[in-house]
$ cat start-v6.cif   # mmCIF, C-alpha atoms
data_model
#
loop_
_atom_site.label_atom_id
_atom_site.label_comp_id
_atom_site.auth_asym_id
_atom_site.auth_seq_id
_atom_site.Cartn_x
_atom_site.Cartn_y
_atom_site.Cartn_z
CA ARG A 41 11.03 -99.78 76.51
CA GLU A 42 8.89 -96.90 75.38
CA GLY A 43 6.91 -94.47 77.48
CA LEU A 44 3.91 -92.38 76.53
CA ASP A 45 3.06 -90.07 79.41
CA VAL A 46 0.95 -86.98 80.08
CA VAL A 47 3.50 -84.67 81.69
CA TRP A 48 1.39 -81.53 81.99
CA LEU A 49 -2.37 -80.87 82.02
CA GLU A 50 -4.43 -77.71 82.20
CA ALA A 51 -8.22 -77.48 82.03
CA GLY A 52 -11.08 -75.57 83.59
CA VAL A 53 -11.47 -72.39 85.56
CA ALA A 54 -13.55 -73.63 88.51
CA THR A 55 -14.54 -76.85 90.21
CA ASN A 56 -18.22 -76.45 89.32
CA THR A 57 -17.99 -75.92 85.54
CA LEU A 58 -17.07 -78.07 82.59
CA PRO A 59 -13.98 -76.71 80.86
CA ASP A 60 -14.24 -75.22 77.37
CA GLU A 61 -10.85 -76.65 76.54
CA ALA A 62 -8.11 -78.87 77.89
CA VAL A 63 -4.42 -78.68 77.09
CA LEU A 64 -2.16 -81.69 77.50
CA ARG A 65 1.55 -82.09 77.04
CA VAL A 66 2.43 -85.63 76.18
CA ASN A 67 5.95 -87.01 76.16
CA PHE A 68 6.58 -90.05 73.98
CA ARG A 69 9.97 -91.58 74.62
CA PHE A 70 10.26 -94.00 71.77
CA ALA A 71 12.71 -96.79 71.07
CA PRO A 72 15.73 -96.06 68.88
CA ASN A 73 14.52 -98.44 66.18
CA ARG A 74 11.70 -95.97 65.32
CA SER A 75 12.22 -92.84 63.29
CA ALA A 76 10.56 -89.64 64.49
CA ASP A 77 7.93 -90.03 61.74
CA GLU A 78 7.20 -93.64 62.78
CA ALA A 79 6.95 -92.54 66.40
CA MET A 80 4.46 -89.80 65.49
CA ALA A 81 2.33 -92.24 63.49
CA HIS A 82 2.30 -94.63 66.47
CA PHE A 83 1.47 -91.75 68.83
CA ARG A 84 -1.48 -90.69 66.67
CA GLU A 85 -2.71 -94.28 66.37
CA VAL A 86 -2.50 -95.08 70.09
CA LEU A 87 -4.32 -91.90 71.08
CA GLY A 88 -6.85 -92.18 68.25
CA LEU A 89 -6.03 -88.67 67.09
CA ASP A 90 -7.15 -89.26 63.53
CA ASP A 91 -10.69 -89.94 64.79
CA PHE A 92 -11.15 -86.26 65.75
CA ALA A 93 -12.24 -83.46 63.45
CA ALA A 94 -9.50 -80.88 62.85
CA GLU A 95 -11.57 -78.16 64.52
CA ASP A 96 -11.94 -80.26 67.70
CA LEU A 97 -8.30 -81.12 68.23
CA THR A 98 -4.99 -79.41 67.61
CA VAL A 99 -1.71 -81.30 67.82
CA ASP A 100 1.51 -79.30 67.96
CA VAL A 101 4.81 -81.16 67.98
CA GLU A 102 7.29 -79.09 69.97
CA ASP A 103 10.24 -81.44 69.62
CA ALA A 104 11.03 -84.76 67.98
CA SER A 105 14.39 -86.28 68.75
CA PRO A 106 15.34 -89.79 67.68
CA GLY A 107 16.76 -92.24 70.19
CA ALA A 108 20.31 -93.54 70.18
CA LEU A 109 21.17 -96.96 68.91
CA PRO A 110 23.57 -98.70 71.29
CA GLY A 111 27.19 -97.91 70.48
CA LEU A 112 28.56 -101.02 72.16
CA HIS A 113 29.95 -102.40 68.88
CA ALA A 114 32.80 -99.86 69.04
CA ALA A 115 36.05 -101.09 70.58
CA ALA A 116 36.30 -98.16 73.01
CA ALA A 117 32.79 -98.81 74.32
CA LYS A 118 33.49 -102.54 74.71
CA GLU A 119 36.65 -101.72 76.67
CA LEU A 120 34.77 -99.29 78.91
CA ALA A 121 32.08 -101.89 79.59
CA ALA A 122 34.76 -104.47 80.42
CA VAL A 123 36.52 -102.31 83.02
CA ALA A 124 33.14 -101.45 84.54
CA GLY A 125 32.39 -105.14 85.08
CA ASP A 126 30.39 -105.70 81.89
CA VAL A 127 27.28 -104.28 83.55
CA VAL A 128 25.37 -102.89 80.58
CA LYS A 129 21.78 -101.73 80.89
CA PRO A 130 19.42 -99.84 78.58
CA LYS A 131 18.81 -96.15 79.23
CA PHE A 132 15.18 -95.10 79.37
CA GLY A 133 14.96 -91.54 78.18
CA TRP A 134 16.69 -89.24 75.76
CA THR A 135 20.25 -88.01 76.21
CA ASP A 136 22.78 -86.25 74.01
CA VAL A 137 24.14 -89.67 73.04
CA ALA A 138 21.34 -89.61 70.44
CA ARG A 139 23.02 -86.65 68.72
CA PHE A 140 26.22 -88.68 68.29
CA SER A 141 24.26 -91.72 67.11
CA ALA A 142 22.50 -89.60 64.47
CA LEU A 143 25.92 -88.56 63.16
CA GLY A 144 27.10 -92.18 63.00
CA ILE A 145 29.43 -91.74 66.00
CA PRO A 146 29.15 -94.63 68.47
CA ALA A 147 28.50 -93.43 72.01
CA VAL A 148 27.22 -94.73 75.32
CA ASN A 149 25.72 -93.25 78.46
CA PHE A 150 28.07 -93.83 81.37
CA GLY A 151 27.37 -92.42 84.78
CA PRO A 152 26.66 -93.10 88.43
CA GLY A 153 23.43 -93.89 90.19
CA ASP A 154 20.10 -95.43 89.38
CA PRO A 155 18.31 -93.83 86.39
CA ALA A 156 14.97 -94.60 88.08
CA TYR A 157 15.67 -91.60 90.36
CA CYS A 158 16.35 -89.14 87.55
CA HIS A 159 14.28 -85.95 87.47
CA LYS A 160 12.23 -86.83 90.55
CA LYS A 161 11.78 -85.26 93.96
CA ASP A 162 13.95 -87.96 95.51
CA GLU A 163 16.68 -87.75 92.85
CA GLN A 164 19.91 -89.01 94.37
CA ILE A 165 23.31 -90.48 93.71
CA PRO A 166 24.87 -92.27 96.67
CA ASP A 167 28.52 -91.40 97.36
CA GLU A 168 29.61 -94.99 96.74
CA CYS A 169 28.23 -94.80 93.18
CA ILE A 170 30.33 -91.72 92.44
CA THR A 171 33.40 -93.40 93.92
CA ALA A 172 32.81 -96.56 91.86
CA LEU A 173 32.36 -94.49 88.70
CA TRP A 174 35.64 -92.67 89.32
CA GLU A 175 37.42 -95.99 89.86
CA ASP A 176 36.01 -97.33 86.57
CA VAL A 177 37.05 -94.19 84.67
CA ARG A 178 40.55 -94.27 86.18
CA ARG A 179 40.90 -97.98 85.36
CA TYR A 180 39.68 -97.36 81.79
CA LEU A 181 42.09 -94.47 81.21
CA THR A 182 45.09 -96.27 82.68
CA THR A 183 44.65 -99.91 81.67
CA ALA A 184 42.33 -100.27 78.66
CA PRO A 185 43.99 -100.72 75.27
CA VAL A 186 43.68 -97.79 72.92
CA ALA A 187 40.84 -98.33 70.44
CA GLU A 188 41.75 -98.25 66.77
#
$ encode --input "start-v6.cif" --output "structure tokens"
Amino acid sequence: REGLDVVWLEAGVATNTLPDEAVLRVNFRFAPNRSADEAMAHFREVLGLDDFAAEDLTVDVEDASPGALPGLHAAAAKELAAVAGDVVKPKFGWTDVARFSALGIPAVNFGPGDPAYCHKKDEQIPDECITALWEDVRRYLTTAPVAE
């Protein structure tokens, strides 16, 4: 799934005046089947950015990182998923796995906890999740066949 979110906003100098300008930071986490250029075109379309005159709106792209296509076709990833109980879920958000994917190296995110808690005030990883992860890693390293 994709997410288009205002993650920072600044406007105004007082509660009784209209601001001369507003500055927004928008994060668009786009699906891995879109290129960065396709994502930017979609971003502009959804926000209607092309309807503004250039002097009324400035858009600066600070970063554009493509998503990672799932690397589950690789034997090593299939073996890891199998020892972890074949529980495979999509990852919402960018990780360094995308760098490997861009280089044609299959990779997966593998870690403990619920990603819904990531980067929030109540971020947490219960002890039992860490223990289960360790057991999966140990089982993978000691019992999974070596990938070719």
$ closest_residue --input "start-v6.cif" --among "A:Ala117, A:Asp96, A:Phe132, A:Glu50" --to "A:Tyr157" --atoms "all atoms listed in the file"
A:Phe132
$ closest_residue --input "start-v6.cif" --among "A:Gly151, A:Ala104, A:Ala81, A:Lys160" --to "A:Glu175" --atoms "all atoms listed in the file"
A:Gly151
$ closest_residue --input "start-v6.cif" --among "A:Ala116, A:Asp167, A:Phe70, A:Arg179" --to "A:Val148" --atoms "only C-alpha atoms"
A:Ala116
$ residues_around --input "start-v6.cif" --residues "A:Leu64" --least-positions-apart "4" --cutoff "10 Å" --atoms "all atoms listed in the file" --output "list in words"
Val46, Val47, Trp48, Leu49, Glu50, Ala51 and Val99 of chain A
$ atom_distance --input "start-v6.cif" --atom1 "atom CA of A:Ala71" --atom2 "atom CA of A:Leu44"
11.3 Å
$ residues_around --input "start-v6.cif" --residues "A:Phe150" --least-positions-apart "5" --cutoff "12 Å" --atoms "all atoms listed in the file" --output "PyMOL selection string"
chain A and resi 111-112+117+120-121+124+127-131+135-137+155+169-170+172-174+176-177
$ atom_distance --input "start-v6.cif" --atom1 "atom CA of A:Leu58" --atom2 "atom CA of A:Phe83"
26.8 Å
$ closest_residue --input "start-v6.cif" --among "A:Leu181, A:Val66, A:Ala138, A:Val86" --to "A:Gly107" --atoms "all atoms listed in the file"
A:Ala138
